[in-house]
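To be precise, the following lines are model18.txt, and they hold compact mmCIF, C-alpha atoms.
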# COMPACT_ATOMS: atom_id res chain seq x y z
CA MET R 1 0.00 0.00 0.00
CA ILE R 2 2.82 2.42 0.88
CA LYS R 3 4.49 1.78 -2.49
CA LEU R 4 1.23 2.47 -4.29
CA LEU R 5 0.56 5.67 -2.35
CA ALA R 6 4.17 6.81 -2.83
CA SER R 7 3.91 6.28 -6.60
CA ILE R 8 0.79 8.47 -6.63
CA PHE R 9 1.75 11.30 -4.24
CA ILE R 10 5.57 11.52 -4.16
CA LYS R 11 7.48 12.95 -7.08
CA ASP R 12 11.09 11.78 -7.62
CA ARG R 13 10.37 9.13 -4.97
CA GLU R 14 13.54 7.20 -5.83
CA ASN R 15 15.77 10.18 -5.03
CA HIS R 16 15.69 9.54 -1.29
CA ARG R 17 18.41 12.09 -0.41
CA LEU R 18 16.30 15.07 -1.50
CA PRO R 19 14.87 16.80 1.62
CA ALA R 20 11.47 17.22 -0.06
CA VAL R 21 11.25 13.51 -0.94
CA ARG R 22 12.37 12.51 2.55
CA ARG R 23 9.77 14.79 4.11
CA ALA R 24 7.03 13.45 1.79
CA TYR R 25 7.81 9.86 2.81
CA GLY R 26 7.68 10.84 6.50
CA ILE R 27 4.33 12.60 6.10
CA LEU R 28 2.88 9.67 4.12
CA CYS R 29 3.94 7.15 6.78
CA GLY R 30 2.54 9.44 9.47
CA ILE R 31 -0.89 9.69 7.81
CA VAL R 32 -1.09 5.94 7.19
CA GLY R 33 0.00 5.31 10.79
CA ILE R 34 -2.71 7.60 12.15
CA CYS R 35 -5.42 5.84 10.13
CA LEU R 36 -4.31 2.31 11.04
CA ASN R 37 -3.81 3.08 14.73
CA VAL R 38 -7.23 4.74 15.05
CA LEU R 39 -8.74 1.67 13.34
CA LEU R 40 -6.93 -0.63 15.78
CA PHE R 41 -8.04 1.45 18.75
CA ALA R 42 -11.67 1.25 17.63
CA ILE R 43 -11.76 -2.52 17.12
CA LYS R 44 -9.78 -3.26 20.30
CA PHE R 45 -11.96 -0.90 22.33
CA ILE R 46 -15.00 -2.83 21.10
CA ALA R 47 -13.28 -6.15 21.88
CA GLY R 48 -12.24 -4.93 25.33
CA THR R 49 -15.76 -3.69 26.10
CA LEU R 50 -17.31 -7.01 25.02
CA SER R 51 -14.83 -9.13 26.98
CA GLY R 52 -14.18 -6.86 29.95
CA ALA R 53 -10.44 -7.55 29.57
CA ILE R 54 -8.26 -4.79 31.01
CA SER R 55 -5.31 -6.06 28.96
CA ILE R 56 -7.22 -5.51 25.70
CA MET R 57 -8.32 -2.05 26.84
CA ALA R 58 -4.70 -1.30 27.73
CA ASP R 59 -3.62 -2.41 24.28
CA ALA R 60 -6.39 -0.31 22.70
CA PHE R 61 -5.23 2.84 24.45
CA ASN R 62 -1.67 1.94 23.51
CA ASN R 63 -2.78 2.11 19.87
CA LEU R 64 -4.49 5.43 20.56
CA SER R 65 -1.20 6.75 21.94
CA ASP R 66 0.48 5.40 18.79
CA ALA R 67 -1.96 7.49 16.74
CA GLY R 68 -0.92 10.52 18.79
CA THR R 69 2.66 9.54 18.13
CA SER R 70 2.01 9.51 14.40
CA ILE R 71 0.35 12.95 14.61
CA ILE R 72 3.31 14.47 16.44
CA THR R 73 5.75 12.77 14.06
CA LEU R 74 3.77 14.18 11.15
CA ILE R 75 4.01 17.67 12.66
CA GLY R 76 7.74 17.12 13.19
CA PHE R 77 8.31 16.31 9.52
CA LYS R 78 6.27 19.37 8.54
CA LEU R 79 8.18 21.75 10.84
CA SER R 80 11.58 20.27 10.01
CA GLY R 81 10.99 21.15 6.38
CA SER R 82 10.75 24.87 7.15
CA LYS R 83 13.32 26.97 5.32
CA PRO R 84 16.32 28.45 7.15
CA ASP R 85 15.87 31.97 8.47
CA SER R 86 17.93 34.62 10.26
CA ASP R 87 17.22 33.04 13.66
CA HIS R 88 17.94 29.49 12.47
CA PRO R 89 20.46 29.70 9.61
CA PHE R 90 21.01 25.92 9.61
CA GLY R 91 17.31 25.13 9.18
CA HIS R 92 14.79 23.45 11.45
CA GLY R 93 15.75 19.80 10.97
CA ARG R 94 16.06 19.11 14.70
CA TYR R 95 12.30 19.57 15.09
CA GLU R 96 12.11 15.90 14.14
CA TYR R 97 14.17 15.01 17.20
CA ILE R 98 12.22 17.34 19.48
CA THR R 99 8.82 15.97 18.43
CA ALA R 100 10.13 12.42 18.77
CA LEU R 101 11.14 13.25 22.36
CA MET R 102 7.64 14.60 23.03
CA VAL R 103 6.21 11.35 21.69
CA ALA R 104 8.47 9.36 24.01
CA MET R 105 7.22 11.33 27.01
CA LEU R 106 3.59 10.70 26.03
CA ILE R 107 4.27 6.99 25.58
CA MET R 108 5.81 6.72 29.06
CA LEU R 109 2.90 8.66 30.59
CA MET R 110 0.43 6.28 28.94
CA GLY R 111 2.43 3.29 30.16
CA PHE R 112 2.41 4.58 33.73
CA GLU R 113 -1.36 5.13 33.69
CA LEU R 114 -2.00 1.64 32.29
CA ALA R 115 0.35 0.07 34.84
CA THR R 116 -1.62 1.77 37.64
CA GLU R 117 -4.92 0.48 36.25
CA SER R 118 -3.55 -3.05 35.84
CA ILE R 119 -2.28 -3.12 39.44
CA ASN R 120 -5.74 -2.08 40.62
CA LYS R 121 -7.23 -4.98 38.63
CA ILE R 122 -4.70 -7.38 40.17
CA ILE R 123 -5.87 -6.28 43.63
CA THR R 124 -9.57 -6.46 42.66
CA PRO R 125 -9.78 -8.92 39.72
CA ALA R 126 -12.74 -9.06 37.32
CA GLN R 127 -13.95 -11.94 35.16
CA VAL R 128 -12.93 -11.91 31.49
CA GLU R 129 -15.46 -13.01 28.88
CA PHE R 130 -14.03 -15.29 26.19
CA SER R 131 -15.21 -14.59 22.62
CA TYR R 132 -14.10 -15.93 19.26
CA ILE R 133 -14.87 -12.50 17.82
CA THR R 134 -12.39 -10.99 20.29
CA ILE R 135 -9.79 -13.61 19.34
CA GLY R 136 -10.29 -12.79 15.66
CA ILE R 137 -9.93 -9.05 16.35
CA LEU R 138 -6.65 -9.63 18.18
CA ILE R 139 -5.26 -11.79 15.36
CA VAL R 140 -6.15 -9.08 12.81
CA SER R 141 -4.48 -6.52 15.09
CA VAL R 142 -1.24 -8.52 15.16
CA LEU R 143 -1.21 -8.75 11.36
CA ILE R 144 -1.84 -5.00 10.94
CA LYS R 145 0.96 -4.13 13.39
CA LEU R 146 3.33 -6.50 11.60
CA TYR R 147 2.55 -4.68 8.36
CA MET R 148 3.17 -1.30 10.04
CA ALA R 149 6.51 -2.51 11.38
CA PHE R 150 7.43 -3.74 7.90
CA TYR R 151 6.62 -0.55 5.99
CA ASN R 152 8.09 1.81 8.61
CA ARG R 153 11.35 -0.16 8.63
CA ALA R 154 11.41 -0.28 4.82
CA VAL R 155 10.95 3.49 4.51
CA HIS R 156 13.47 4.09 7.33
CA LYS R 157 16.08 2.19 5.28
CA LYS R 158 15.32 4.46 2.33
CA ILE R 159 15.45 7.84 4.07
CA ASN R 160 17.39 7.01 7.28
CA SER R 161 14.79 8.46 9.67
CA PRO R 162 15.21 7.94 13.45
CA SER R 163 11.48 8.60 13.90
CA LEU R 164 10.41 5.85 11.51
CA SER R 165 12.96 3.43 12.93
CA ALA R 166 11.51 3.98 16.42
CA THR R 167 7.98 3.63 15.04
CA ALA R 168 8.89 0.30 13.43
CA ALA R 169 10.34 -0.99 16.70
CA ASP R 170 7.24 0.21 18.56
CA SER R 171 4.95 -1.61 16.10
CA LEU R 172 6.92 -4.83 16.56
CA SER R 173 6.64 -4.50 20.35
CA ASP R 174 2.89 -4.01 19.95
CA CYS R 175 2.75 -7.30 18.04
CA ILE R 176 4.40 -9.04 20.98
CA ALA R 177 2.13 -7.31 23.49
CA THR R 178 -1.05 -8.24 21.61
CA THR R 179 0.18 -11.82 21.21
CA VAL R 180 0.66 -11.99 25.00
CA ILE R 181 -2.94 -10.81 25.49
CA LEU R 182 -4.17 -13.35 22.95
CA CYS R 183 -2.38 -16.14 24.84
CA SER R 184 -3.82 -14.93 28.15
CA MET R 185 -7.37 -15.23 26.81
CA ILE R 186 -6.73 -18.73 25.48
CA ILE R 187 -5.16 -19.76 28.82
CA SER R 188 -8.16 -18.29 30.65
CA LYS R 189 -10.55 -20.31 28.46
CA VAL R 190 -8.66 -23.62 28.52
CA TRP R 191 -7.38 -23.70 32.12
CA SER R 192 -9.72 -21.17 33.79
CA ILE R 193 -6.77 -19.10 35.01
CA ASN R 194 -7.37 -15.34 35.01
CA ILE R 195 -4.06 -13.63 34.18
CA ASP R 196 -5.63 -10.71 32.32
CA ALA R 197 -4.51 -8.02 34.77
CA TRP R 198 -0.98 -9.43 34.84
CA CYS R 199 -0.87 -9.33 31.02
CA GLY R 200 -2.13 -5.75 31.17
CA LEU R 201 0.77 -4.97 33.48
CA ALA R 202 3.16 -6.68 31.03
CA VAL R 203 1.78 -4.54 28.19
CA SER R 204 2.33 -1.39 30.25
CA VAL R 205 5.95 -2.45 30.84
CA PHE R 206 6.40 -2.83 27.07
CA ILE R 207 4.99 0.67 26.60
CA LEU R 208 7.28 2.16 29.27
CA TYR R 209 10.30 0.40 27.78
CA ASN R 210 9.52 1.68 24.27
CA GLY R 211 9.04 5.19 25.62
CA PHE R 212 12.37 5.11 27.44
CA LYS R 213 14.16 3.68 24.39
CA ALA R 214 12.63 6.31 22.08
CA ALA R 215 13.64 9.09 24.49
CA LYS R 216 17.20 7.81 24.64
CA GLU R 217 17.45 7.60 20.84
CA THR R 218 16.20 11.18 20.36
CA ILE R 219 18.18 12.79 23.19
CA SER R 220 21.44 11.35 21.88
CA PRO R 221 21.50 13.28 18.55
CA LEU R 222 20.36 16.44 20.33
CA LEU R 223 23.36 16.17 22.65
CA GLY R 224 25.71 15.44 19.74
CA GLN R 225 26.29 11.77 18.98
CA PRO R 226 29.01 10.57 16.56
CA PRO R 227 27.96 9.87 12.97
CA GLU R 228 27.33 6.36 11.68
CA LYS R 229 30.42 4.46 10.56
CA GLU R 230 28.93 3.93 7.08
CA PHE R 231 28.60 7.69 6.65
CA VAL R 232 32.20 8.28 7.76
CA ASP R 233 33.43 5.54 5.41
CA SER R 234 31.56 7.17 2.51
CA ILE R 235 33.16 10.55 3.28
CA GLU R 236 36.64 9.00 3.42
CA ALA R 237 36.09 7.10 0.16
CA ILE R 238 35.07 10.27 -1.70
CA VAL R 239 37.88 12.44 -0.28
CA LEU R 240 40.62 9.85 -0.82
CA SER R 241 39.44 9.15 -4.37
CA GLU R 242 41.29 12.31 -5.46
CA GLU R 243 44.88 11.41 -6.33
CA CYS R 244 46.31 14.51 -4.67
CA VAL R 245 44.87 13.62 -1.21
CA HIS R 246 47.18 11.39 0.81
CA GLY R 247 45.15 11.24 4.02
CA ILE R 248 42.46 12.93 6.09
CA HIS R 249 42.08 13.79 9.77
CA ASP R 250 40.13 16.04 12.14
CA LEU R 251 36.84 14.99 10.56
CA VAL R 252 33.92 16.62 12.39
CA VAL R 253 30.27 16.02 11.48
CA HIS R 254 27.74 18.67 12.58
CA ASP R 255 24.19 17.28 12.60
CA TYR R 256 21.42 19.89 12.40
CA GLY R 257 18.74 17.29 11.79
CA PRO R 258 18.19 14.52 9.24
CA GLY R 259 19.26 15.70 5.81
CA ARG R 260 20.98 18.80 7.24
CA VAL R 261 24.58 17.86 7.87
CA MET R 262 27.73 19.97 7.72
CA ILE R 263 31.21 18.44 7.84
CA SER R 264 34.72 19.81 8.21
CA LEU R 265 37.99 17.95 7.74
CA HIS R 266 41.69 18.33 7.02
CA ALA R 267 43.03 16.83 3.79
CA GLU R 268 46.74 16.05 3.52
CA VAL R 269 48.13 17.17 0.15
CA PRO R 270 51.71 17.30 -1.25
CA ALA R 271 53.51 20.45 -0.16
CA ASP R 272 55.18 20.81 -3.56
CA ALA R 273 51.99 20.45 -5.62
CA ASP R 274 50.50 23.28 -7.66
CA MET R 275 48.23 25.20 -5.27
CA LEU R 276 45.60 26.10 -7.91
CA GLU R 277 45.31 22.50 -9.11
CA THR R 278 45.04 21.19 -5.56
CA HIS R 279 42.42 23.81 -4.69
CA ASP R 280 40.42 22.80 -7.76
CA ALA R 281 40.56 19.15 -6.64
CA ILE R 282 39.32 20.12 -3.16
CA ASP R 283 36.44 22.05 -4.74
CA ASN R 284 35.50 18.92 -6.70
CA ILE R 285 35.54 16.86 -3.51
CA GLU R 286 33.24 19.33 -1.74
CA ARG R 287 30.87 19.24 -4.73
CA ARG R 288 30.78 15.43 -4.71
CA LEU R 289 30.08 15.33 -0.98
CA ARG R 290 27.17 17.72 -1.49
CA GLN R 291 25.73 15.76 -4.42
CA GLU R 292 26.27 12.20 -3.17
CA LEU R 293 25.89 12.55 0.61
CA ASN R 294 23.70 15.67 0.79
CA CYS R 295 26.06 17.46 3.18
CA GLU R 296 27.92 20.76 3.11
CA ALA R 297 31.68 20.36 3.49
CA VAL R 298 34.54 22.65 4.47
CA ILE R 299 37.97 21.17 3.73
CA HIS R 300 41.26 22.54 5.05
CA MET R 301 44.38 21.66 3.06
CA ASP R 302 47.35 20.42 5.10
CA PRO R 303 50.62 20.43 3.08
CA ILE R 304 52.91 17.47 3.82
CA LEU R 305 56.27 16.34 2.47
CA THR R 306 55.79 13.15 0.50
CA ASP R 307 59.21 12.66 -1.06
CA ASP R 308 61.53 13.31 1.90
CA GLU R 309 63.01 9.97 3.04
CA THR R 310 64.08 11.22 6.49
CA THR R 311 60.63 12.64 7.25
CA ASN R 312 58.86 9.50 6.01
CA GLU R 313 61.12 7.23 8.02
CA LEU R 314 60.73 9.26 11.22
CA ARG R 315 56.96 9.46 10.72
CA LYS R 316 56.81 5.65 10.58
CA ILE R 317 59.01 5.24 13.67
CA VAL R 318 57.06 7.80 15.73
CA SER R 319 53.71 6.38 14.62
CA ASP R 320 54.69 2.84 15.62
CA LEU R 321 56.05 3.98 18.97
CA LEU R 322 53.06 6.09 19.94
CA SER R 323 50.59 3.38 18.91
CA THR R 324 51.85 1.44 21.96
CA ILE R 325 50.15 4.02 24.20
CA GLY R 326 46.79 2.43 23.40
CA GLU R 327 44.51 1.10 20.70
CA GLY R 328 43.38 3.74 18.22
CA VAL R 329 46.20 6.21 18.96
CA SER R 330 47.51 7.82 15.77
CA ILE R 331 49.38 10.88 14.53
CA HIS R 332 49.02 13.34 11.67
CA ASP R 333 50.52 16.61 10.38
CA PHE R 334 54.00 15.24 11.00
CA ARG R 335 56.90 17.62 10.28
CA VAL R 336 60.61 17.65 11.02
CA VAL R 337 62.35 20.96 11.80
CA ALA R 338 66.11 20.55 12.27
CA GLY R 339 68.21 22.99 14.31
CA PRO R 340 71.87 23.35 15.35
CA THR R 341 71.39 21.70 18.78
CA HIS R 342 68.23 19.60 18.39
CA THR R 343 65.46 18.60 15.99
CA ASN R 344 61.78 19.29 16.62
CA LEU R 345 59.31 16.56 15.67
CA ILE R 346 56.04 18.42 15.20
CA PHE R 347 52.76 16.50 15.00
CA ASP R 348 49.22 16.07 16.33
CA ILE R 349 48.41 12.92 18.32
CA VAL R 350 44.85 11.55 18.31
CA ILE R 351 43.58 9.95 21.53
CA PRO R 352 40.27 8.00 21.47
CA TYR R 353 37.75 8.84 24.20
CA ASP R 354 37.72 5.26 25.49
CA LEU R 355 41.44 5.52 26.31
CA LYS R 356 41.27 6.54 29.97
CA LEU R 357 44.41 8.70 30.13
CA ASP R 358 44.54 12.36 31.05
CA ARG R 359 46.52 14.84 28.96
CA LYS R 360 49.36 15.06 31.48
CA THR R 361 49.90 11.29 31.36
CA VAL R 362 49.77 11.26 27.54
CA THR R 363 52.33 14.09 27.41
CA GLU R 364 54.68 12.22 29.72
CA LYS R 365 54.38 9.01 27.69
CA VAL R 366 55.00 10.81 24.38
CA ASN R 367 58.10 12.58 25.71
CA SER R 368 59.44 9.31 27.13
CA LEU R 369 58.88 7.35 23.92
CA ILE R 370 60.38 10.00 21.63
CA SER R 371 63.51 10.16 23.80
CA THR R 372 64.18 6.48 23.03
CA ILE R 373 64.74 7.37 19.36
CA ASP R 374 67.38 10.02 19.92
CA GLY R 375 68.04 12.39 22.79
CA ASN R 376 68.25 15.28 20.30
CA TYR R 377 64.65 14.80 19.13
CA TYR R 378 62.16 17.10 20.90
CA PRO R 379 58.43 16.38 20.44
CA VAL R 380 56.18 19.39 19.82
CA PHE R 381 52.58 18.22 19.62
CA ASN R 382 48.88 18.87 20.18
CA ILE R 383 46.49 16.29 21.62
CA ASP R 384 43.31 15.79 19.56
CA ASN R 385 40.21 13.76 20.29
CA VAL R 386 38.24 11.60 17.88
CA TYR R 387 34.84 13.02 16.83
CA VAL R 388 33.76 10.06 14.70
CA LYS R 389 33.57 6.33 15.31
Please go through the file and, once you have read it, give me the structure as structure tokens.
Amino acid sequence: MIKLLASIFIKDRENHRLPAVRRAYGILCGIVGICLNVLLFAIKFIAGTLSGAISIMADAFNNLSDAGTSIITLIGFKLSGSKPDSDHPFGHGRYEYITALMVAMLIMLMGFELATESINKIITPAQVEFSYITIGILIVSVLIKLYMAFYNRAVHKKINSPSLSATAADSLSDCIATTVILCSMIISKVWSINIDAWCGLAVSVFILYNGFKAAKETISPLLGQPPEKEFVDSIEAIVLSEECVHGIHDLVVHDYGPGRVMISLHAEVPADADMLETHDAIDNIERRLRQELNCEAVIHMDPILTDDETTNELRKIVSDLLSTIGEGVSIHDFRVVAGPTHTNLIFDIVIPYDLKLDRKTVTEKVNSLISTIDGNYYPVFNIDNVYVK
């Protein structure tokens, strides 16, 4: 159904990187989600009323909260598509994260209310009426939620949307929750054991867990999480495809919302190359990054000596030595400046965040290791951190 609707309402639907196409897919999924969740709420409310099962009523209101989730997500996609202005020069893409966080709060509130109601039913249990109509409604509900999980995940893979990924996971959890309720009714019929209120409590736990997970996933990009490894690999592949670029470092990815990414990096280029030709190559790289990855790039050129045997040999020795400090430690911008009494080895050393060493300790280790090469070598260095995975 989503494919059919996309073919009717979304122009250039195969060009998933275009912000307008991405937004159209998000709005379409939101509208379909609202309709299906309202339908599920209606049929489960009827089934819950007929059977008197608190677990079914809990699941019905869970679907109603899912409809609210779809509405807020829909609003988020609408607002995130607003054009940049003087107050927000990088656009409004983070509205998608903010609305997703609001949804997470609503989900947890609904879960808390349902947990309270289920506990009350555990204390004062009520008889559940078994009905084949109710069983049929629950089976249809599971199938609909499976379909929603499928299409949300499929569209998420196309447009890389955190909101749709969370919605897909939520739909899958709803399938599990409804299956639990279905089993409780069958158990109640076959063995005359009333576990309805306990299943309602289990459903509320699922809702609370999904709300907490959604909140965590939306807070992380707002705080500034590292980019996905696949995205970093794509950047490196494009930059290093130019023959004049010998390496990159200090890559920083600034995320202003899905589809609104700015990156900055340092590209190592031969010091003796023609500056105009190298600058032209860097311009081409920035253009490719914009076209292929839909991101704005700022690239700083770092000139390095590529044909000096002494520098190359010392770079290799220093790199191997400093790698013993810990996994992931590396150097860049290596230069050798010789003087009458000593030689300065100038470089930047990169320390991963998971390496639990303070800067003073790192400095002491670097000085100690460099002194083992030659007492006349003095290290002059900056300590950098890694901003990507």
What separation in Å, quoted to one decimal, exists between CA of Met105 in chain R and CA of Asp66 in chain R?
-> 12.2 Å
Distance query Cys183 in chain R at most 12 Å, all atoms listed in the file, self and fewer than 6 positions along chain excluded, as a ChimeraX atom specification | /R:55-56,130,135,138-139,176-177,189-191,193-196,199
Can you list every residue of range 50-127 of chain R that has an atom at most 7 Å from range 211-220 of chain R, with its nearest atom pair and the distance in Å to one decimal, using all atoms listed in the file, ordered by chain then number, as CSV?
residue,atom,partner,partner_atom,distance
R:Tyr97,CA,R:Thr218,CA,5.4
R:Ala100,CA,R:Thr218,CA,6.4
R:Leu101,CA,R:Ala215,CA,5.3
R:Ala104,CA,R:Gly211,CA,4.5
R:Met105,CA,R:Gly211,CA,6.6
R:Ile107,CA,R:Gly211,CA,5.1
R:Met108,CA,R:Gly211,CA,5.0
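Distances from R:Leu40, R:Met110, R:Ala67, R:Leu355 to Leu208 in chain R were compared using all atoms listed in the file, and the smallest one belongs to R:Met110.
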Ref. answer, residues at most 12 Å from (33.5, 8.4, 0.1) with all atoms listed in the file, as a VMD selection string = chain R and resid 229 to 242 248 285 to 286 288 to 293
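The environment of Ser323 in chain R within 12 Å, counting all atoms listed in the file and disregarding residues fewer than 2 places along the same chain, consists of R:Lys316, R:Ile317, R:Val318, R:Ser319, R:Asp320, R:Leu321, R:Ile325, R:Gly326, R:Glu327, R:Gly328, R:Val329, R:Ser330, R:Ile331, R:Ile349, R:Val350, R:Ile351, R:Pro352, R:Leu355, R:Val362, R:Lys365, R:Val366, R:Leu369.
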Have a look at CA of Ser368 in chain R and CA of Asn344 in chain R and let me know their distance in Å, one decimal.
->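 Separation between CA of Ser368 in chain R and CA of Asn344 in chain R: 14.7 Å.
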Give me, please, the distance in Å between CA of Ile34 in chain R and CA of Leu74 in chain R, quoted to one decimal.
-> 9.3 Å
Could you give me, as a list in words, the residues within 10 Å of Arg315 in chain R, counting only C-alpha atoms and dropping anything in the same chain fewer than 6 positions from it?
->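 Listing them by chain and then by number gives Glu309, Leu321, Ile331, His332, Asp333, Phe334, Arg335, Val336, Leu345 and Phe347 of chain R.
Distance cut-off 9 Å, centre (17.9, 24.6, 12.4), atoms counted only C-alpha atoms; the residues meeting this are Ser80, Ser82, Lys83, Pro84, Asp85, Asp87, His88, Pro89, Phe90, Gly91, His92, Gly93, Arg94, Tyr95, Tyr256, Gly257 and Arg260 of chain R.
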Residue with smallest distance to Asp59 in chain R - pool R:Ala24, R:Met185, R:Val386, R:Leu114, counting only C-alpha atoms |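 Comparing R:Ala24, R:Met185, R:Val386, R:Leu114 against Asp59 in chain R, the winner is R:Leu114.
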Of the residues R:Ala273, R:Leu223, R:Ile282, R:Leu164, which is the one nearest to Asp307 in chain R, using only C-alpha atoms?
->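 Counting only C-alpha atoms, the residue closest to Asp307 in chain R is R:Ala273.
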Please provide the set of residues having any atom within 12 Å of Pro340 in chain R, restricted to all atoms listed in the file, with same-chain residues fewer than 3 positions apart removed, written as number ranges by chain.
-> R: 337, 343-344, 376-377
